Structures are given as structure tokens and as C-alpha cells.
Amino acid sequence: MKKSWIVVVSLLIAMLLTTNVKGYEQRKSLILVVTPGFSFEEVEWLVENGDQQLWRKAAFSALNVRPEGSYSYLSNTVSLSTGIRGVGVDNWNAYEKGEFVEGNKAEELLLQWTGTYPQDSLLHPYFHKLIEKNNSTTFRAPIGILGETLKNEGVNRYVLGTSDLSSEERVRYGSLFAVDKTGEVQGELTNVVEVHSKSPAGLRMNQELLLDEIIRVETESDSRSFIVVEWGDFHRLFSTKNMMTSTHFVVNYEQALVTFEQFLYKLVDNQNGRNVMLLAPMMHTDAYKEKKQLSPFFYWDTSNQQPRELYSQTTKQRHIISNVDIVPTILSSFDIEVPPPLPGVALDKVELTHDNHEEVIENVNWIFKIYSTRSVILSSYITLLVLMLISVGILLWRKKTKPHWLNAGKIILLAAVSSPIWYLFLSKVLLYVHSGYYFWLLTLLSILVAWLLLKFTKYPLVILGVAQFMVITVDLWMGSPLMQRSYLGYDPIIGARYYGIGNEYAGVYMISGLLMLIPFWKASKRTFLIVTTILFGFLIYMLGASHLGTNAGATLSAATAWGFIAVKHSSLLKKWKVWLPILVFAIPSLSLALLFLLQMNGHPTHIGYAFERLLSGDFSYIIDVIKRKLQMNWKIFKFSNWTQLFVTSYILMGIILWRQKNWIKNEREKDILQSMLVTSVALLLLNDSGVVAAATSMFLIVATSYYWLLDEKETSA
């Protein structure tokens, strides 16, 4: 009997303990501190001068906040809160009952516009207009998806604070993170912002009231709670900076940082299982003008006090995360599954043995330097390439040219062909030298190596092709560390690509590979086809695999170029009714199937996401993607510096083909040139930034053709 009582008592104690644990876990809360006007300039000050214990136990990364269209606090917030790039709508704001909008009470305006208004919620009169505007874009940001998902999972949502500049100039966008699909969420906006005549705009956050409200909401919540705090003091400070003396601004600036740090310390220093996220949807105007257009993101996970690093499967870069990952990360903190329409992935928290804040800041400053000088460097580089092509063209068409001028032309061409590799090798040099010195160092090294190759090697173009092909291949195998920080690579601030091979180097990579075929100019048709098939098979794998190039347009272009070679060397060449359908339908279909297979190795990518949407029958998503690609190409063509090189290269290639119809007599050399031309045109038509890929590839083709023509001219002289 004693034993049975012991068992019963033990079971009861276990049940009570289990219930308490579950209840404790369910009462877990997440505080999202939305801080407009907060940038990496403030982060550097706080990490250096602030509470080291507070900042160093937070996971920390740089956040891409780019919306669809121009940067703004509202559009950035729409994008961050929906997990898809979105746009704002004029006059958007959140209101409390009784507040006036355009001369009417907010609830009356909602009655006039929608026929009803929520009784127990903040009011968003323009909610339906925000939905309409985003539904008309190609991204179709799902307004309210985060709040709706949290509501359906029983998470209590609450919003506190504003970024108001005055009673008339309201700025209240934090509620976008918590509203559901009907635009409803509870909150307290104005009471936690106190009137203070000495503060910027006469307002400041009341941290004691904020903390009391947070504790009240957490205590009264039946389950888990998600609380959004819009901390508007930095927005108010920088909005009034131009009216302040520099000395007074510095005093207010440091005071704002100290006050903010005190508030965060009180939030984080708790025993209630509370997690805290600090998110800046928009940096202040000074940082924006200086092109420091990444925002800081901090995550305090109270369940683990060890140093951690945030890693994004979306960007596949250290220290860089994407705006599409914020919604999945918030949901994952409550163990909630991410809704299928969202492309982002919850951030991984990787344990570290050391603090990495200085490392993150150094890497981010490197990115800022590249971004701020990219337009100057690339415009100078592209202009130099265009002038070089025109100059060598003039030299080439002259009837009589002295040998030393022919050699000079060859050196210039080889230097230009080798330049992309120096943009990879010298990427880290930019950390230590001025961008102007960097550019001239790159130019001098290109010329020096070109002279050495011409003087001491027999096939300099082949050597350059092999070198560039091998360097890019190794870089891709290593995760593209060189390409990520190259002027010819991709930029995390722009956010069009974060990993794999960018369109600038896709063209270089493919043409460099074709240059390696030059030694086979005496090969038989069969041998040449075998070698070409091996090359393009390798290219397709490197360009399409999810852990390597992940470039759909370049992969399809490589398959198209191989298809052209295969048809040209088959007996079907004269039967156009057979080879035309093969080129137009069969090869593209096989290419897409192969690209799909290359994405099936467990690495989430943007291509894999597109295939998922396609296989689920979401054809509207694919149509939207195609529209965006066409719009991007047209925009690049109209405004990009690459258009100069694109137009010049294509015109010069047309002139070469027109004036020199029989200048290549060897059949294999003709095959190589034709494959290059097909590759460049395919890159133009199949890539999202096709103008860029076509420009780099056609430039290399023209430079190669010029070199062959100079060789021929030198031989016949």
C-alpha cells in the first residue's frame, strides 16, 4: 500500500511540475524594439562607449532593409513586417480612438470609407489602400501576415509608442508588425510618449511607463505575447538636427544613446523568459547620404547567454541578413511554422567562442566603402574599356601600322581581358588604400601582367582564360568570398544577389572557359564536340548548383550554347524542321529539368523557391518574376554605365563580322567564336541583368577578336 501511495504522489508532483513548466514556456514574450533613425554610427558609439555586458551578449548582424522602390521608413517597415518587399501608401498611420484625421475622428473616417471600425483596436484608416497598392505590385506583399499568423497561434499582440514629430505630424508605423489581416491590433501609442519641452520636437519616450505597460501586457496575457515598441527618439533627434547648434546636437545625441541603452538594459535584464529584438527599419538621413544603407539588428536570447552569431540561409554571408528573414525569425521564436508564401528563412544562431562585434562592424564598413565608391570606380573602368576598344579598332583599321603599335594594342587588349581577375584578387586591398589608388594599382598590374604574357608566352589569351576560369571556379567552391566583396561582384546593400556567381562574372566565366578551347583548333569535329561537352557540362554544374553559382540565367545560357554546338556538329544541321524545335523547345526544357535537379541538395535558394511556387501551381508568381526581370533589364539599359560597354561591344562586333567575313579560316576557331556569340546573346535574353552579362561577355569576345586580327595583321606585314 505504501508503494502505491508513493507512486501516486510522485505522479501528482510530476504533473504539477510539468504544468508549471508548460505554463512558464507559454508565457514567454518577445519584445520587438523598432528604432527608426538608428544606424551603424550609433552602434559603433555604443559598442565602444556603452555597457559592454549588454551589447556583447546580443547576437548582431547587418540588415538589408531595401523595399520595392525608394527607401523610406514606411516602405521599409512594410517589407520587414510582411517578409516580402513592399511599398507604403500616402497618409498611412495608426490612430487611437478619438484622434482626428483630416478633420474627422479616425473611427468616423473608417465608417465613411469601409462601413465599420474595430471596437477594441488601434485604427488604421488607410489599411485597405495599403493592401490594394501592394497587390498591384509584382511582389504582392501580404499585409498583416505576421500578426494574423501570431493571432491564429494564440500569441497576444500589443503595440506601444510613436515616432511623432508633433501633434499634427504623426509617424506611427510600428503597428505594421502586429496588425492582422483586418488591420486590428491593440496598443497604447501616445501615453508612453511624454511632452518634454527640452527634448527634440518637444517629445520623448517615457521608459518607466513603457516598462510598466510591457510587464502589464506580459502578466495579463493568457499565453505568449508579442509586443512592438516604436522608439521614436532617434527619428525626432535627426529630424530636427538642421535646426540645432552642433554642440547642442552632440549633447542630445549622447543623451539619447544613454537613455536608449538604459531602457534596453532593463528589458533584457529579466528572469521572465523574455527575448528582445532591436530592429532599425530606416537609418537616419546622415547615414543614408553617406551610403551606409544597412541597418543594425540585435537579438537578445535570454535562454542562452553565450556569444552567438546570426546566420541567414537567404544571404549565405556572415554578418549580413535579409529583410525577408525577420518575419520567419519572429515566428520561430514562438515555434510557429512559416506560412508557405514567404521566401525567407528563420535566422540560425551559431554559437561562438568569442565576441564578434568588432568583426561585424569592420566587415560592414568594408561593404559601405565598396558601395560608396562603386559608381565612380565602375564608371571609370567601363569608360576606359570603351575608349580602349575604340582606340584599338582605329589602330586595326589603319592600312599601315608599325610593329610597336601592334604590340601596344595587344598589351592593352590583354590588360583589359585580365582586369576582372584583379578585381577578385585585390578586393581586400580596398580596406587599406584609397579607392583612387586602388583603381590605378589594378590598372598598372593588368598592364604589367599583359606585357609579361606577351613577351614570354605563346598563347597569352589561353593562359588568361585558364587563370580566370580556375580562380572563379575555386572562389565558387569556397562560397564566393572574393566575389562577395568585388566591385564586379554583387552588393548586399542593393540586395539583388547575395551568393553564387553574379551576372558580371557569369559572362567572364563562360567566355574564359571558351578561351580554353583555342588549343583544340586543329582537333577533329568529334574530339572538339567531346571536349566542348565536358566543358559545358562542368559550366552548367558550376553555374546551376545550389551550393555554387546558383545563377539560372547563366545556367540556361550555357545549355543553349552547348545545344548550338551539338546541333552544328550533328547531321541535323541541314534539316531545320528538326533542329529548330530542338533548339527552341527541347534544349530549354532539358535545361530547366537539369536546373531543377541541381537545386535538390537541401540548400535553400531563390531558384529552389521559384520551382516550389511553380510546382504548387502558382503561375502568377512566375509571371511576376518575369515582369520584374524585364523591368530590371530595361532600367539597367536606360540608366546603367554598363550600357556604354554593351552598345559599344555589340556595334564593334557587328562591324568585325561585316568587314571581316572570312578572317577566320579554321573551322574550330569559327566554332569557338560562334559559341561565344551565342553565349553572349543567350545571357542577354535569359538573365535578369542580361545587359550586364552581355556587356562583359561581348567585350571579351571583341577583345579576343581584335587580338586575333592584330596577330593576322602582324603576320601579313
# chains A, B, ... in the order shown; residues from 1 in each chain; ligands from 1

$ select_by_dssp --residues "stretch 445-507 of chain A" --states "alpha helix (DSSP H)" --output "VMD selection string"
chain A and resid 445 to 456 460 to 477 481 to 484 503 to 507

$ residues_around --residues "A:Ile534" --least-positions-apart "5" --cutoff "12 Å" --atoms "only C-alpha atoms" --output "list in words"
Gly513, Leu514, Leu517, Thr527, Phe528, Leu529, Leu539, Ile540, Tyr541, Ala558, Ala559 and Trp562 of chain A

$ write_last_selection --atoms "N, CA and C atoms" --output "PDB file, in the first residue's frame"
ATOM      1  N   GLY A 513      36.078  30.189 -70.146  1.00  0.00           N
ATOM      2  CA  GLY A 513      36.047  28.754 -70.417  1.00  0.00           C
ATOM      3  C   GLY A 513      36.189  28.452 -71.890  1.00  0.00           C
ATOM      4  N   LEU A 514      35.531  29.245 -72.729  1.00  0.00           N
ATOM      5  CA  LEU A 514      35.621  29.030 -74.174  1.00  0.00           C
ATOM      6  C   LEU A 514      37.002  29.375 -74.713  1.00  0.00           C
ATOM      7  N   LEU A 517      39.360  26.545 -75.178  1.00  0.00           N
ATOM      8  CA  LEU A 517      39.202  25.643 -76.318  1.00  0.00           C
ATOM      9  C   LEU A 517      40.139  25.982 -77.475  1.00  0.00           C
ATOM     10  N   THR A 527      36.390  15.055 -81.666  1.00  0.00           N
ATOM     11  CA  THR A 527      37.157  15.411 -80.472  1.00  0.00           C
ATOM     12  C   THR A 527      36.712  16.757 -79.916  1.00  0.00           C
ATOM     13  N   PHE A 528      36.515  17.720 -80.811  1.00  0.00           N
ATOM     14  CA  PHE A 528      36.093  19.052 -80.384  1.00  0.00           C
ATOM     15  C   PHE A 528      34.737  18.995 -79.680  1.00  0.00           C
ATOM     16  N   LEU A 529      33.807  18.192 -80.217  1.00  0.00           N
ATOM     17  CA  LEU A 529      32.477  18.077 -79.609  1.00  0.00           C
ATOM     18  C   LEU A 529      32.566  17.449 -78.221  1.00  0.00           C
ATOM     19  N   LEU A 539      30.460  23.682 -66.727  1.00  0.00           N
ATOM     20  CA  LEU A 539      29.912  25.031 -66.569  1.00  0.00           C
ATOM     21  C   LEU A 539      28.482  24.991 -66.038  1.00  0.00           C
ATOM     22  N   ILE A 540      27.665  24.121 -66.592  1.00  0.00           N
ATOM     23  CA  ILE A 540      26.260  24.027 -66.168  1.00  0.00           C
ATOM     24  C   ILE A 540      26.177  23.651 -64.691  1.00  0.00           C
ATOM     25  N   TYR A 541      27.034  22.707 -64.280  1.00  0.00           N
ATOM     26  CA  TYR A 541      27.043  22.305 -62.868  1.00  0.00           C
ATOM     27  C   TYR A 541      27.493  23.463 -61.976  1.00  0.00           C
ATOM     28  N   ALA A 558      24.378  28.625 -70.789  1.00  0.00           N
ATOM     29  CA  ALA A 558      25.398  27.612 -71.065  1.00  0.00           C
ATOM     30  C   ALA A 558      24.786  26.417 -71.790  1.00  0.00           C
ATOM     31  N   ALA A 559      23.594  26.001 -71.351  1.00  0.00           N
ATOM     32  CA  ALA A 559      22.916  24.882 -72.011  1.00  0.00           C
ATOM     33  C   ALA A 559      22.543  25.237 -73.454  1.00  0.00           C
ATOM     34  N   TRP A 562      25.708  25.146 -75.599  1.00  0.00           N
ATOM     35  CA  TRP A 562      26.080  23.761 -75.897  1.00  0.00           C
ATOM     36  C   TRP A 562      25.134  23.167 -76.928  1.00  0.00           C
TER      37      TRP A 562
END

$ atom_distance --atom1 "atom CA of A:Asn93" --atom2 "atom CA of A:Val324"
22.5 Å

$ residues_around --residues "A:Ile394" --least-positions-apart "5" --cutoff "12 Å" --atoms "only C-alpha atoms" --output "list in words"
Leu387, Met388, Leu389, Lys399, Lys400, Thr401, Trp405, Leu406, Gly409, Leu652, Tyr706 and Leu710 of chain A

$ residues_around --residues "A:Phe699" --least-positions-apart "4" --cutoff "7 Å" --atoms "only C-alpha atoms" --output "list in words"
Ser649, Ala695 and Ala703 of chain A

$ write_last_selection --atoms "N, CA and C atoms" --output "compact mmCIF listing (two decimals), in the first residue's frame"
# COMPACT_ATOMS: atom_id res chain seq x y z
N SER A 649 30.37 47.31 -77.55
CA SER A 649 30.85 45.96 -77.87
C SER A 649 30.02 45.32 -78.97
N ALA A 695 27.25 42.57 -71.72
CA ALA A 695 28.31 43.57 -71.90
C ALA A 695 29.67 42.98 -71.59
N ALA A 703 37.49 41.83 -77.65
CA ALA A 703 38.91 41.92 -77.33
C ALA A 703 39.67 40.72 -77.90

$ closest_residue --among "A:Glu184, A:Glu148, A:Asp671, A:Glu230" --to "A:Asp164" --atoms "only C-alpha atoms"
A:Glu230

$ atom_distance --atom1 "atom CA of A:Gly489" --atom2 "atom CA of A:Pro420"
9.9 Å

$ atom_distance --atom1 "atom CA of A:Leu543" --atom2 "atom CA of A:Tyr490"
15.4 Å

$ closest_residue --among "A:Met632, A:Leu709, A:Ile623, A:Leu189" --to "A:Ala496" --atoms "only C-alpha atoms"
A:Met632

$ select_by_dssp --residues "stretch 160-213 of chain A" --states "strand (DSSP E or B)" --output "MDAnalysis selection string"
chainID A and resid 160 186:188 193:195 203:205

$ residues_around --residues "A:Arg485" --least-positions-apart "5" --cutoff "8 Å" --atoms "only C-alpha atoms" --output "number ranges by chain"
A: 367, 370, 427-428, 490-491

$ write_last_selection --atoms "C-alpha atoms" --output "mmCIF file, in the first residue's frame"
data_model
loop_
_atom_site.group_PDB
_atom_site.id
_atom_site.type_symbol
_atom_site.label_atom_id
_atom_site.label_comp_id
_atom_site.auth_asym_id
_atom_site.auth_seq_id
_atom_site.Cartn_x
_atom_site.Cartn_y
_atom_site.Cartn_z
ATOM 1 C CA ILE A 367 30.743 46.978 -47.530
ATOM 2 C CA ILE A 370 32.644 49.471 -51.672
ATOM 3 C CA SER A 427 39.197 43.077 -53.162
ATOM 4 C CA LYS A 428 40.682 43.294 -49.663
ATOM 5 C CA TYR A 490 27.214 41.732 -56.074
ATOM 6 C CA ASP A 491 26.341 44.123 -53.306
#
